$ cat final_30.tsv   # TSV, C-alpha atoms
chain	number	residue	atom	x	y	z
A	94	MET	CA	-8.40	115.46	89.65
A	95	ALA	CA	-6.65	115.31	93.02
A	96	LYS	CA	-7.56	118.11	95.43
A	97	ILE	CA	-4.54	119.18	97.44
A	98	LEU	CA	-4.08	121.23	100.60
A	99	ILE	CA	-0.64	122.83	101.09
A	100	VAL	CA	0.42	123.52	104.69
A	101	ASP	CA	3.68	125.47	104.97
A	102	ASP	CA	4.67	128.65	106.84
A	103	SER	CA	6.87	129.77	103.95
A	104	ARG	CA	5.12	131.80	101.26
A	105	THR	CA	7.98	131.01	98.86
A	106	SER	CA	7.69	127.29	99.44
A	107	ARG	CA	3.87	127.35	99.02
A	108	LYS	CA	4.20	129.32	95.80
A	109	ILE	CA	6.84	127.01	94.30
A	110	LEU	CA	4.84	123.89	95.25
A	111	ARG	CA	1.56	125.34	93.94
A	112	GLY	CA	3.31	126.09	90.64
A	113	ILE	CA	4.61	122.52	90.31
A	114	LEU	CA	1.24	120.96	91.18
A	115	GLU	CA	-0.84	123.22	88.91
A	116	GLU	CA	1.61	122.71	86.05
A	117	ALA	CA	0.98	118.97	86.46
A	118	GLY	CA	-2.78	119.55	86.26
A	119	LEU	CA	-3.47	119.05	89.98
A	120	GLU	CA	-5.84	121.29	91.91
A	121	VAL	CA	-4.65	123.18	95.00
A	122	ILE	CA	-7.82	123.81	97.01
A	123	GLY	CA	-6.24	125.61	99.94
A	124	GLU	CA	-3.12	126.87	101.66
A	125	ALA	CA	-2.44	127.10	105.39
A	126	VAL	CA	0.46	128.89	107.07
A	127	ASN	CA	0.78	126.75	110.21
A	128	GLY	CA	-0.29	123.38	111.54
A	129	LYS	CA	-3.31	124.70	113.44
A	130	GLU	CA	-4.72	126.41	110.36
A	131	GLY	CA	-3.89	123.28	108.35
A	132	VAL	CA	-5.96	121.05	110.63
A	133	GLU	CA	-8.89	123.48	110.44
A	134	LEU	CA	-8.73	123.62	106.63
A	135	PHE	CA	-8.40	119.83	106.43
A	136	GLU	CA	-11.71	119.51	108.24
A	137	THR	CA	-13.55	122.08	106.14
A	138	LEU	CA	-12.04	121.42	102.68
A	139	GLN	CA	-11.66	117.62	102.89
A	140	PRO	CA	-8.70	117.42	100.46
A	141	ASP	CA	-7.55	114.17	98.83
A	142	ILE	CA	-3.93	114.90	99.74
A	143	VAL	CA	-2.23	117.17	102.28
A	144	THR	CA	1.38	118.32	101.96
A	145	LEU	CA	2.57	119.16	105.45
A	146	ASP	CA	5.79	121.03	106.23
A	147	ILE	CA	7.47	119.85	109.43
A	148	THR	CA	9.07	123.05	110.72
A	149	MET	CA	6.31	125.60	111.37
A	150	PRO	CA	5.42	128.03	114.16
A	151	ILE	CA	2.29	127.73	116.37
A	152	MET	CA	1.79	124.04	115.53
A	153	ASP	CA	4.48	122.02	113.74
A	154	GLY	CA	3.85	119.40	111.07
A	155	VAL	CA	4.17	116.35	113.31
A	156	GLU	CA	1.64	117.76	115.79
A	157	ALA	CA	-0.70	118.72	112.95
A	158	LEU	CA	-0.41	115.20	111.49
A	159	LYS	CA	-1.50	113.78	114.85
A	160	GLU	CA	-4.62	115.99	114.80
A	161	ILE	CA	-5.41	115.17	111.17
A	162	MET	CA	-5.14	111.44	111.90
A	163	LYS	CA	-7.61	111.86	114.77
A	164	ILE	CA	-10.09	113.35	112.29
A	165	ASP	CA	-9.48	110.83	109.49
A	166	ARG	CA	-7.30	107.78	110.02
A	167	THR	CA	-7.13	107.25	106.20
A	168	ALA	CA	-5.95	110.79	105.37
A	169	LYS	CA	-3.15	110.87	102.82
A	170	VAL	CA	-0.52	113.19	104.20
A	171	ILE	CA	2.85	113.83	102.56
A	172	MET	CA	5.42	115.32	104.94
A	173	VAL	CA	7.71	118.03	103.58
A	174	THR	CA	11.13	118.32	105.19
A	175	ALA	CA	14.52	119.87	104.88
A	176	ALA	CA	17.31	117.32	104.84
A	177	GLY	CA	18.39	116.37	108.36
A	178	GLN	CA	14.94	115.85	109.86
A	179	LYS	CA	15.13	112.07	109.85
A	180	GLY	CA	13.84	111.74	113.42
A	181	ASN	CA	10.72	113.77	112.63
A	182	VAL	CA	10.15	111.87	109.39
A	183	VAL	CA	10.33	108.47	111.09
A	184	GLU	CA	7.92	109.66	113.79
A	185	ALA	CA	5.50	110.99	111.15
A	186	LEU	CA	5.61	107.78	109.10
A	187	LYS	CA	4.89	105.74	112.23
A	188	MET	CA	1.92	108.01	112.91
A	189	GLY	CA	0.46	107.29	109.49
A	190	ALA	CA	1.98	109.80	107.08
A	191	TYR	CA	1.90	108.34	103.55
A	192	GLU	CA	5.36	109.50	102.42
A	193	PHE	CA	7.82	112.37	102.71
A	194	VAL	CA	9.57	114.66	100.22
A	195	THR	CA	12.64	116.83	100.72
A	196	LYS	CA	13.12	120.52	99.93
A	197	PRO	CA	14.06	121.95	97.51
A	198	TYR	CA	11.32	120.21	95.55
A	199	GLU	CA	12.20	117.82	92.74
A	200	GLU	CA	9.21	118.18	90.42
A	201	ASP	CA	9.06	114.59	89.23
A	202	VAL	CA	9.50	113.23	92.76
A	203	ILE	CA	6.61	115.20	94.28
A	204	ILE	CA	4.29	114.42	91.37
A	205	ASP	CA	5.22	110.74	91.51
A	206	VAL	CA	4.50	110.58	95.27
A	207	ILE	CA	1.14	112.30	94.82
A	208	ASN	CA	0.14	109.98	91.95
A	209	LYS	CA	1.04	106.94	94.05
A	210	ALA	CA	-0.88	108.33	97.02
A	211	MET	CA	-3.96	108.82	94.83
A	212	LYS	CA	-3.83	105.20	93.68
A	213	ALA	CA	-3.17	103.78	97.16
B	175	MET	CA	35.17	131.99	92.37
B	176	PHE	CA	38.75	132.31	91.02
B	177	ILE	CA	37.92	135.00	88.48
B	178	ASN	CA	36.20	137.13	91.12
B	179	LEU	CA	38.92	136.71	93.77
B	180	PHE	CA	41.83	137.55	91.50
B	181	GLY	CA	39.92	139.83	89.12
B	182	LYS	CA	38.78	142.09	91.94
B	183	TYR	CA	42.37	142.36	93.13
B	184	LEU	CA	43.58	143.29	89.63
B	185	ILE	CA	40.92	146.01	89.42
B	186	SER	CA	41.90	147.40	92.84
B	187	LYS	CA	45.49	147.71	91.58
B	188	ASN	CA	44.40	149.28	88.27
B	189	LEU	CA	45.90	146.37	86.35
B	190	ILE	CA	42.68	145.78	84.46
B	191	THR	CA	39.40	147.69	84.30
B	192	THR	CA	35.96	146.54	85.42
B	193	ASP	CA	34.86	146.50	81.77
B	194	GLN	CA	37.82	144.31	80.82
B	195	LEU	CA	37.03	141.89	83.64
B	196	ASN	CA	33.42	141.72	82.45
B	197	VAL	CA	34.67	140.86	78.96
B	198	VAL	CA	36.78	138.05	80.45
B	199	ARG	CA	33.76	136.86	82.50
B	200	GLU	CA	31.56	136.69	79.39
B	201	GLU	CA	34.25	134.89	77.39
B	202	GLN	CA	34.66	132.34	80.15
B	203	LYS	CA	30.93	131.72	80.30
B	204	LYS	CA	31.15	130.78	76.63
B	205	THR	CA	34.28	128.65	76.91
B	206	ARG	CA	33.86	126.94	80.31
B	207	VAL	CA	31.73	123.97	79.45
B	208	LYS	CA	29.76	122.20	82.18
B	209	LEU	CA	31.07	118.82	83.25
B	210	GLY	CA	27.79	117.15	82.29
B	211	LEU	CA	28.00	118.45	78.73
B	212	ILE	CA	31.58	117.22	78.36
B	213	ALA	CA	30.56	113.80	79.73
B	214	ILE	CA	27.70	113.61	77.19
B	215	SER	CA	29.91	114.66	74.30
B	216	GLU	CA	32.46	112.04	75.35
B	217	LYS	CA	29.55	109.54	75.28
B	218	LEU	CA	30.21	108.54	78.88
B	219	ILE	CA	26.68	109.37	80.06
B	220	THR	CA	23.35	110.05	78.38
B	221	GLU	CA	21.48	113.36	78.43
B	222	LYS	CA	18.85	111.73	80.66
B	223	GLN	CA	21.51	110.64	83.15
B	224	SER	CA	22.99	114.15	83.14
B	225	GLU	CA	19.55	115.63	83.89
B	226	GLU	CA	19.06	113.12	86.70
B	227	ILE	CA	22.40	114.16	88.24
B	228	ASN	CA	21.47	117.85	87.90
B	229	ARG	CA	18.17	117.23	89.73
B	230	LYS	CA	19.93	115.35	92.50
B	231	GLN	CA	22.53	118.11	92.77
B	232	ALA	CA	19.78	120.58	93.57
B	233	VAL	CA	18.96	118.72	96.77
B	234	MET	CA	22.35	117.30	97.74
B	235	ASP	CA	25.54	118.94	98.95
B	236	LYS	CA	27.60	117.11	96.36
B	237	ARG	CA	29.41	117.84	93.12
B	238	PHE	CA	28.27	116.62	89.72
B	239	GLY	CA	31.16	114.18	89.44
B	240	ASP	CA	30.63	112.74	92.94
B	241	ILE	CA	26.95	112.04	92.26
B	242	ALA	CA	27.77	110.50	88.88
B	243	VAL	CA	30.25	108.14	90.58
B	244	GLU	CA	27.74	107.27	93.32
B	245	LEU	CA	25.11	106.41	90.72
B	246	GLY	CA	27.63	104.25	88.88
B	247	TYR	CA	27.50	106.37	85.72
B	248	LEU	CA	31.15	107.43	85.87
B	249	THR	CA	34.32	106.16	87.53
B	250	ASP	CA	36.69	108.34	89.57
B	251	ALA	CA	39.23	108.12	86.76
B	252	GLN	CA	36.65	109.31	84.20
B	253	VAL	CA	35.67	112.27	86.42
B	254	SER	CA	39.31	113.19	86.79
B	255	ARG	CA	39.80	113.12	83.01
B	256	LEU	CA	36.63	115.20	82.46
B	257	LEU	CA	37.89	117.81	84.94
B	258	ASP	CA	41.14	117.99	82.98
B	259	LEU	CA	39.16	118.49	79.78
B	260	GLN	CA	37.07	121.20	81.47
B	261	GLY	CA	40.24	123.10	82.25
B	262	ASN	CA	41.77	124.89	85.19
B	263	PRO	CA	40.04	128.27	85.86
B	264	TYR	CA	43.38	130.00	86.19
B	265	MET	CA	44.59	128.74	82.81
B	266	LEU	CA	41.32	129.77	81.17
B	267	PHE	CA	41.57	133.20	82.79
B	268	ALA	CA	45.20	133.66	81.74
B	269	GLN	CA	44.40	132.56	78.20
B	270	THR	CA	41.47	134.97	77.83
B	271	VAL	CA	43.30	137.93	79.41
B	272	THR	CA	46.37	137.46	77.19
B	273	ASP	CA	44.32	136.74	74.04
B	274	LYS	CA	42.45	140.02	74.59
B	275	GLY	CA	45.75	141.83	75.15
B	276	PHE	CA	44.74	143.11	78.61
B	277	MET	CA	47.87	141.73	80.33
B	278	THR	CA	50.85	139.54	79.48
B	279	ILE	CA	51.39	136.20	81.22
B	280	ALA	CA	54.43	137.68	83.03
B	281	GLU	CA	52.26	140.55	84.33
B	282	ILE	CA	49.61	138.08	85.51
B	283	GLU	CA	52.21	135.99	87.36
B	284	THR	CA	53.73	139.10	88.99
B	285	ALA	CA	50.27	140.28	90.07
B	286	MET	CA	49.44	136.83	91.42
B	287	ASP	CA	52.59	136.89	93.54
B	288	ALA	CA	51.74	140.38	94.84
B	289	TYR	CA	48.19	139.18	95.62
B	290	ARG	CA	49.64	136.25	97.59
B	291	LYS	CA	51.89	138.51	99.64
B	292	GLU	CA	49.22	141.15	100.28
B	293	LYS	CA	46.70	138.57	101.49
B	294	GLY	CA	49.31	136.69	103.54
B	295	LEU	CA	48.70	133.49	101.56
B	296	THR	CA	50.99	130.54	100.97
B	297	ALA	CA	51.98	129.11	97.59
B	298	ALA	CA	49.71	126.15	98.36
B	299	ASN	CA	46.81	128.56	99.02
B	300	ILE	CA	47.39	130.10	95.59
B	301	GLU	CA	47.24	126.67	93.96
B	302	ASP	CA	43.94	126.06	95.79
B	303	ILE	CA	42.54	129.40	94.54
B	304	LYS	CA	43.72	128.69	90.98
B	305	SER	CA	41.89	125.35	91.06
B	306	GLY	CA	38.51	127.06	91.46
B	307	ASP	CA	37.48	124.19	93.78
B	308	LEU	CA	35.25	125.62	96.54
B	309	ASP	CA	36.21	122.85	98.95
B	310	ARG	CA	39.82	124.02	98.68
B	311	ILE	CA	39.13	127.77	98.50
B	312	VAL	CA	36.65	128.34	101.36
B	313	PRO	CA	38.96	127.21	104.23
B	314	ILE	CA	41.58	129.76	103.12
B	315	PHE	CA	39.15	132.54	104.02
B	316	LEU	CA	38.39	131.19	107.49
B	317	PRO	CA	41.69	132.02	109.25
B	318	GLY	CA	41.92	131.27	112.95
B	319	LEU	CA	38.65	129.38	112.87
B	320	ASN	CA	39.36	126.38	115.06
B	321	ASP	CA	35.81	125.04	115.24
B	322	GLN	CA	35.49	122.49	112.45
B	323	ASN	CA	31.70	122.54	112.80
B	324	VAL	CA	31.55	126.25	111.90
B	325	ALA	CA	33.87	125.65	108.95
B	326	GLU	CA	31.64	122.77	107.80
B	327	LEU	CA	28.51	124.92	108.15
B	328	ILE	CA	30.07	127.76	106.15
B	329	GLY	CA	31.28	125.30	103.50
B	330	ILE	CA	27.77	123.86	103.11
B	331	ALA	CA	26.25	127.36	102.91
B	332	ILE	CA	28.65	128.55	100.19
B	333	ARG	CA	28.32	125.35	98.16
B	334	THR	CA	24.51	125.62	98.41
B	335	ILE	CA	24.57	129.25	97.23
B	336	ASN	CA	26.90	128.20	94.40
B	337	ARG	CA	24.53	125.39	93.42
B	338	LEU	CA	21.13	127.04	93.81
B	339	ILE	CA	21.74	130.79	93.39
B	340	SER	CA	24.86	131.65	91.37
B	341	THR	CA	28.38	130.52	90.59
B	342	ASP	CA	29.38	134.20	90.34
B	343	LEU	CA	30.79	134.34	93.89
B	344	TRP	CA	33.45	136.29	95.73
B	345	MET	CA	34.41	136.06	99.38
B	346	ASP	CA	36.75	137.84	101.75
B	347	MET	CA	38.39	136.87	105.02
B	348	ALA	CA	35.82	135.90	107.66
B	349	SER	CA	35.78	137.72	110.97
B	350	ILE	CA	34.80	136.57	114.45
B	351	THR	CA	32.60	138.97	116.37
B	352	ASP	CA	29.99	139.31	119.13
B	353	SER	CA	27.96	141.92	117.25
B	354	PHE	CA	27.08	142.76	113.65
B	355	SER	CA	24.77	145.44	112.23
B	356	CYS	CA	22.77	145.16	109.02
B	357	ASP	CA	19.68	146.59	107.31
B	358	ASN	CA	17.84	143.27	107.06
B	359	CYS	CA	18.44	139.59	107.66
B	360	ALA	CA	17.01	136.10	107.79
B	361	LEU	CA	18.21	133.82	110.58
B	362	GLN	CA	17.45	130.23	111.50
B	363	ASN	CA	18.37	128.46	114.72
B	364	MET	CA	18.78	124.78	115.40
B	365	GLU	CA	18.46	123.42	118.93
B	366	GLY	CA	19.51	120.16	120.53
B	367	SER	CA	22.91	118.76	121.45
B	368	LEU	CA	24.34	121.94	119.88
B	369	ASP	CA	22.91	125.41	119.39
B	370	VAL	CA	23.41	126.52	115.79
B	371	THR	CA	22.53	129.69	113.87
B	372	ILE	CA	22.92	130.34	110.18
B	373	GLY	CA	21.78	133.52	108.49
B	374	LEU	CA	22.19	135.92	105.62
B	375	ALA	CA	22.39	139.64	106.34
B	376	GLY	CA	22.50	142.56	103.93
B	377	MET	CA	22.38	146.29	103.46
B	378	LYS	CA	19.57	148.02	101.57
B	379	ASP	CA	18.23	145.63	98.92
B	380	GLU	CA	21.41	143.63	98.29
B	381	LEU	CA	19.86	140.36	99.56
B	382	LEU	CA	17.41	140.51	96.65
B	383	VAL	CA	20.06	138.66	94.66
B	384	ILE	CA	19.30	135.63	96.84
B	385	ALA	CA	15.55	136.22	97.31
B	386	ASP	CA	14.73	136.75	93.62
B	387	THR	CA	16.71	133.78	92.35
B	388	TYR	CA	15.48	131.29	94.94
B	389	ALA	CA	11.80	132.24	94.65
B	390	GLY	CA	11.97	132.78	90.88
B	391	GLU	CA	10.29	136.18	91.10
B	392	SER	CA	11.25	139.86	91.31
B	393	PHE	CA	10.63	141.47	94.67
B	394	GLU	CA	10.59	145.28	94.74
B	395	HIS	CA	12.34	145.58	98.11
B	396	MET	CA	13.70	143.44	100.91
B	397	ASN	CA	10.31	143.00	102.53
B	398	LEU	CA	9.08	140.02	104.56
B	399	ASP	CA	8.15	138.03	101.44
B	400	ALA	CA	11.68	138.46	100.06
B	401	LEU	CA	13.17	137.50	103.43
B	402	ASP	CA	10.96	134.41	103.46
B	403	SER	CA	12.65	133.33	100.23
B	404	VAL	CA	16.09	133.88	101.80
B	405	GLY	CA	14.83	131.91	104.82
B	406	GLU	CA	13.98	128.93	102.62
B	407	LEU	CA	17.53	128.85	101.29
B	408	ILE	CA	19.06	128.90	104.78
B	409	ASN	CA	16.55	126.22	105.81
B	410	ILE	CA	18.11	123.97	103.16
B	411	VAL	CA	21.61	124.81	104.40
B	412	ASN	CA	20.65	123.98	107.98
B	413	GLY	CA	19.01	120.73	106.90
B	414	LEU	CA	22.20	119.64	105.16
B	415	PHE	CA	24.25	120.65	108.20
B	416	ALA	CA	21.90	118.75	110.51
B	417	THR	CA	22.51	115.67	108.34
B	418	ALA	CA	26.29	116.16	108.61
B	419	LEU	CA	26.00	116.49	112.42
B	420	SER	CA	23.86	113.35	112.65
B	421	TYR	CA	26.78	111.30	111.25
B	422	ASN	CA	28.63	112.31	114.45
B	423	LYS	CA	25.62	111.35	116.61
B	424	ILE	CA	24.74	115.01	117.21
B	425	GLN	CA	20.98	115.54	116.97
B	426	VAL	CA	19.54	118.99	116.35
B	427	GLU	CA	16.08	120.25	115.50
B	428	LEU	CA	15.36	123.03	113.00
B	429	MET	CA	13.41	126.01	114.32
B	430	PRO	CA	11.26	128.23	112.06
B	431	PRO	CA	13.39	131.02	110.50
B	432	SER	CA	13.16	134.62	111.80
B	433	PHE	CA	13.07	137.67	109.56
B	434	TYR	CA	14.12	141.25	110.29
B	435	GLU	CA	13.28	143.86	107.68
B	436	GLU	CA	14.47	146.82	109.77
B	437	GLN	CA	18.00	147.87	110.65
B	438	CYS	CA	19.18	145.57	113.43
B	439	THR	CA	22.21	144.40	115.39
B	440	LEU	CA	22.93	140.70	115.69
B	441	LYS	CA	24.34	139.63	119.05
B	442	GLY	CA	26.09	136.40	119.94
B	443	LYS	CA	29.23	134.86	121.31
B	444	GLU	CA	32.14	134.79	118.87
B	445	PHE	CA	30.08	134.15	115.77
B	446	CYS	CA	31.50	134.15	112.27
B	447	VAL	CA	30.70	136.73	109.57
B	448	VAL	CA	31.79	135.93	106.01
B	449	PRO	CA	31.63	138.89	103.58
B	450	MET	CA	30.57	137.62	100.17
B	451	GLU	CA	29.46	138.89	96.80
B	452	VAL	CA	26.83	137.00	94.83
B	453	ASN	CA	26.40	138.31	91.28
B	454	GLN	CA	28.46	141.26	92.53
B	455	LYS	CA	25.94	142.10	95.28
B	456	GLN	CA	27.28	142.14	98.81
B	457	VAL	CA	25.80	139.74	101.32
B	458	ASN	CA	27.07	138.55	104.69
B	459	LEU	CA	26.92	134.97	105.78
B	460	ILE	CA	26.38	134.57	109.53
B	461	ALA	CA	27.34	131.29	111.19
B	462	SER	CA	27.53	130.18	114.79
B	463	VAL	CA	27.86	126.73	116.34
B	464	GLY	CA	27.72	126.34	120.12
B	465	ALA	CA	25.77	129.51	120.82
B	466	LYS	CA	22.80	131.17	119.15
B	467	VAL	CA	22.87	134.53	117.41
B	468	THR	CA	19.92	136.75	118.34
B	469	ILE	CA	18.71	140.26	117.62

$ encode --input "final_30.tsv" --output "structure tokens"
Amino acid sequence: MAKILIVDDSRTSRKILRGILEEAGLEVIGEAVNGKEGVELFETLQPDIVTLDITMPIMDGVEALKEIMKIDRTAKVIMVTAAGQKGNVVEALKMGAYEFVTKPYEEDVIIDVINKAMKA
Amino acid sequence: MFINLFGKYLISKNLITTDQLNVVREEQKKTRVKLGLIAISEKLITEKQSEEINRKQAVMDKRFGDIAVELGYLTDAQVSRLLDLQGNPYMLFAQTVTDKGFMTIAEIETAMDAYRKEKGLTAANIEDIKSGDLDRIVPIFLPGLNDQNVAELIGIAIRTINRLISTDLWMDMASITDSFSCDNCALQNMEGSLDVTIGLAGMKDELLVIADTYAGESFEHMNLDALDSVGELINIVNGLFATALSYNKIQVELMPPSFYEEQCTLKGKEFCVVPMEVNQKQVNLIASVGAKVTI
């Protein structure tokens, strides 16, 4: 079963995503509320997949992705964005992010992306 | 939107009672069939296609019919025919009110004319309101608003609330101000070629109507967790607006939302406040393009 780390400053967004993932039988092994905490938890929990929100205080998602890639170049990171963050998404994909999904979450889309990431 | 705009006026003039309007509302819920259902029953699309369109609608600032056309499931002519089958909100309202014996058609027409005069509306405005089409209704309530970007931002916000929170909406004339006081609010700025702020502000626990529905839970009060839920909704609005701006080569970056759970005064430079009701709870939409709104 895939072990997933959710990094998002919004409690609502984390809760909705956790619900979707658990309903699909996936295991959420941790939640972080900003990029800095996300990088720390990535190191200690060693998740299979990280979902990383782009807009966060303290350390944003793109900066956190850079740090995660320094730790593990093969990390599977799915960026989470609002519409209209195309520039950030392109930058993140160039830096090695696996894929991106847009809020509000479409259940089948996020599960599909995670399943593909697990097989990649 | 139509039933709330005109219904509220009729109540204020003692032409119908709140209970009678609620009866009409319930009847209309039963009789106003969703476009997707009509399309399925007409065998123009499958249930699976309708579900796909509904899912896409949750993340796009587009109407059911527009998405169906884009996906190649329906033609413009078919959408137009389905809208005719769905019925004009005014006609449905008039039919229910007269069937129930609350008012005659002549009384409704007289009241509609008085409503037009009192609100300073044109005959064309009334036709727009009768259509129930948000794209036609919202601009009527933004008088003197010359900045098309603000109008676009407000349009996106109201359509998003209509899509993700509730179709039970009412709005009044927007005002332009430098200061606005509220009991709590969630604001989000965008920075870049343009400074943008969008927010939702409320009194007491009125914003719970947004927070509860978006998060899918019941908050006891408008605390920080509830405001976080409101913040996620405005984050979606801003994202859609950022996309619209990018088509005009204007690049902006979303900042994390800010939450204020205590009484506060918003300050800015000629920002727009749109009084709204969502499920009959009062909320205020705050929008500014060109200058930020701060506490």

$ interface_residues --input "final_30.tsv" --of "chain B" --to "chain A" --cutoff "12 Å" --atoms "only C-alpha atoms" --output "PDB file with C-alpha atoms, keeping the file's coordinate frame"
ATOM      1  CA  GLU B 225      19.550 115.630  83.890  1.00  0.00           C
ATOM      2  CA  GLU B 226      19.060 113.120  86.700  1.00  0.00           C
ATOM      3  CA  ILE B 227      22.400 114.160  88.240  1.00  0.00           C
ATOM      4  CA  ASN B 228      21.470 117.850  87.900  1.00  0.00           C
ATOM      5  CA  ARG B 229      18.170 117.230  89.730  1.00  0.00           C
ATOM      6  CA  LYS B 230      19.930 115.350  92.500  1.00  0.00           C
ATOM      7  CA  GLN B 231      22.530 118.110  92.770  1.00  0.00           C
ATOM      8  CA  ALA B 232      19.780 120.580  93.570  1.00  0.00           C
ATOM      9  CA  VAL B 233      18.960 118.720  96.770  1.00  0.00           C
ATOM     10  CA  MET B 234      22.350 117.300  97.740  1.00  0.00           C
ATOM     11  CA  ASP B 235      25.540 118.940  98.950  1.00  0.00           C
ATOM     12  CA  THR B 334      24.510 125.620  98.410  1.00  0.00           C
ATOM     13  CA  ARG B 337      24.530 125.390  93.420  1.00  0.00           C
ATOM     14  CA  LEU B 338      21.130 127.040  93.810  1.00  0.00           C
ATOM     15  CA  GLN B 362      17.450 130.230 111.500  1.00  0.00           C
ATOM     16  CA  ASN B 363      18.370 128.460 114.720  1.00  0.00           C
ATOM     17  CA  MET B 364      18.780 124.780 115.400  1.00  0.00           C
ATOM     18  CA  ALA B 385      15.550 136.220  97.310  1.00  0.00           C
ATOM     19  CA  ASP B 386      14.730 136.750  93.620  1.00  0.00           C
ATOM     20  CA  THR B 387      16.710 133.780  92.350  1.00  0.00           C
ATOM     21  CA  TYR B 388      15.480 131.290  94.940  1.00  0.00           C
ATOM     22  CA  ALA B 389      11.800 132.240  94.650  1.00  0.00           C
ATOM     23  CA  GLY B 390      11.970 132.780  90.880  1.00  0.00           C
ATOM     24  CA  GLU B 391      10.290 136.180  91.100  1.00  0.00           C
ATOM     25  CA  PHE B 393      10.630 141.470  94.670  1.00  0.00           C
ATOM     26  CA  LEU B 398       9.080 140.020 104.560  1.00  0.00           C
ATOM     27  CA  ASP B 399       8.150 138.030 101.440  1.00  0.00           C
ATOM     28  CA  ALA B 400      11.680 138.460 100.060  1.00  0.00           C
ATOM     29  CA  LEU B 401      13.170 137.500 103.430  1.00  0.00           C
ATOM     30  CA  ASP B 402      10.960 134.410 103.460  1.00  0.00           C
ATOM     31  CA  SER B 403      12.650 133.330 100.230  1.00  0.00           C
ATOM     32  CA  VAL B 404      16.090 133.880 101.800  1.00  0.00           C
ATOM     33  CA  GLY B 405      14.830 131.910 104.820  1.00  0.00           C
ATOM     34  CA  GLU B 406      13.980 128.930 102.620  1.00  0.00           C
ATOM     35  CA  LEU B 407      17.530 128.850 101.290  1.00  0.00           C
ATOM     36  CA  ILE B 408      19.060 128.900 104.780  1.00  0.00           C
ATOM     37  CA  ASN B 409      16.550 126.220 105.810  1.00  0.00           C
ATOM     38  CA  ILE B 410      18.110 123.970 103.160  1.00  0.00           C
ATOM     39  CA  VAL B 411      21.610 124.810 104.400  1.00  0.00           C
ATOM     40  CA  ASN B 412      20.650 123.980 107.980  1.00  0.00           C
ATOM     41  CA  GLY B 413      19.010 120.730 106.900  1.00  0.00           C
ATOM     42  CA  LEU B 414      22.200 119.640 105.160  1.00  0.00           C
ATOM     43  CA  PHE B 415      24.250 120.650 108.200  1.00  0.00           C
ATOM     44  CA  ALA B 416      21.900 118.750 110.510  1.00  0.00           C
ATOM     45  CA  THR B 417      22.510 115.670 108.340  1.00  0.00           C
ATOM     46  CA  ALA B 418      26.290 116.160 108.610  1.00  0.00           C
ATOM     47  CA  LEU B 419      26.000 116.490 112.420  1.00  0.00           C
ATOM     48  CA  SER B 420      23.860 113.350 112.650  1.00  0.00           C
ATOM     49  CA  TYR B 421      26.780 111.300 111.250  1.00  0.00           C
ATOM     50  CA  ILE B 424      24.740 115.010 117.210  1.00  0.00           C
ATOM     51  CA  GLN B 425      20.980 115.540 116.970  1.00  0.00           C
ATOM     52  CA  VAL B 426      19.540 118.990 116.350  1.00  0.00           C
ATOM     53  CA  GLU B 427      16.080 120.250 115.500  1.00  0.00           C
ATOM     54  CA  LEU B 428      15.360 123.030 113.000  1.00  0.00           C
ATOM     55  CA  MET B 429      13.410 126.010 114.320  1.00  0.00           C
ATOM     56  CA  PRO B 430      11.260 128.230 112.060  1.00  0.00           C
ATOM     57  CA  PRO B 431      13.390 131.020 110.500  1.00  0.00           C
ATOM     58  CA  SER B 432      13.160 134.620 111.800  1.00  0.00           C
ATOM     59  CA  PHE B 433      13.070 137.670 109.560  1.00  0.00           C
TER      60      PHE B 433
END

$ residues_around --input "final_30.tsv" --residues "A:Ala210" --least-positions-apart "3" --cutoff "12 Å" --atoms "only C-alpha atoms" --output "list in words"
Ala95, Lys96, Ile97, Asp141, Ile142, Val143, Thr144, Thr167, Ala168, Lys169, Val170, Ile171, Ala190, Tyr191, Glu192, Phe193, Ile203, Ile204, Asp205, Val206, Ile207 and Ala213 of chain A

$ closest_residue --input "final_30.tsv" --among "B:Gly275, B:Pro449, B:Ala325, B:Gln456" --to "B:Leu382" --atoms "only C-alpha atoms"
B:Gln456

$ residues_around --input "final_30.tsv" --residues "B:Cys359" --least-positions-apart "4" --cutoff "8 Å" --atoms "all atoms listed in the file" --output "PyMOL selection string"
chain B and resi 373-376+401+433-435

$ atom_distance --input "final_30.tsv" --atom1 "atom CA of B:Lys293" --atom2 "atom CA of B:Phe354"
23.5 Å

$ atom_distance --input "final_30.tsv" --atom1 "atom CA of B:Leu459" --atom2 "atom CA of B:Ser349"
10.6 Å

$ residues_around --input "final_30.tsv" --residues "B:Val463" --least-positions-apart "3" --cutoff "6 Å" --atoms "all atoms listed in the file" --output "PyMOL selection string"
chain B and resi 324+369-370

$ atom_distance --input "final_30.tsv" --atom1 "atom CA of B:Thr351" --atom2 "atom CA of B:Phe445"
5.5 Å

$ closest_residue --input "final_30.tsv" --among "A:Ile161, A:Val126, A:Val132, A:Leu110" --to "A:Val202" --atoms "all atoms listed in the file"
A:Leu110

$ closest_residue --input "final_30.tsv" --among "A:Leu98, A:Leu158, A:Ala125, A:Ile164" --to "A:Val182" --atoms "all atoms listed in the file"
A:Leu158

$ residues_around --input "final_30.tsv" --residues "stretch 179-187 of chain B" --least-positions-apart "2" --cutoff "8 Å" --atoms "all atoms listed in the file" --output "PyMOL selection string"
chain B and resi 175-177+189-192+195+285-286+289+344-345

$ decode --input "final_30.tsv" --residues "stretch 97-103 of chain A" --atoms "C-alpha atoms" --output "compact mmCIF listing (two decimals), in the first residue's frame"
# COMPACT_ATOMS: atom_id res chain seq x y z
CA ILE A 97 1.64 9.22 1.36
CA LEU A 98 2.77 12.48 2.95
CA ILE A 99 0.40 15.46 2.56
CA VAL A 100 2.00 18.91 2.68
CA ASP A 101 -0.54 21.76 2.68
CA ASP A 102 -1.06 24.79 4.93
CA SER A 103 -4.84 24.43 4.70
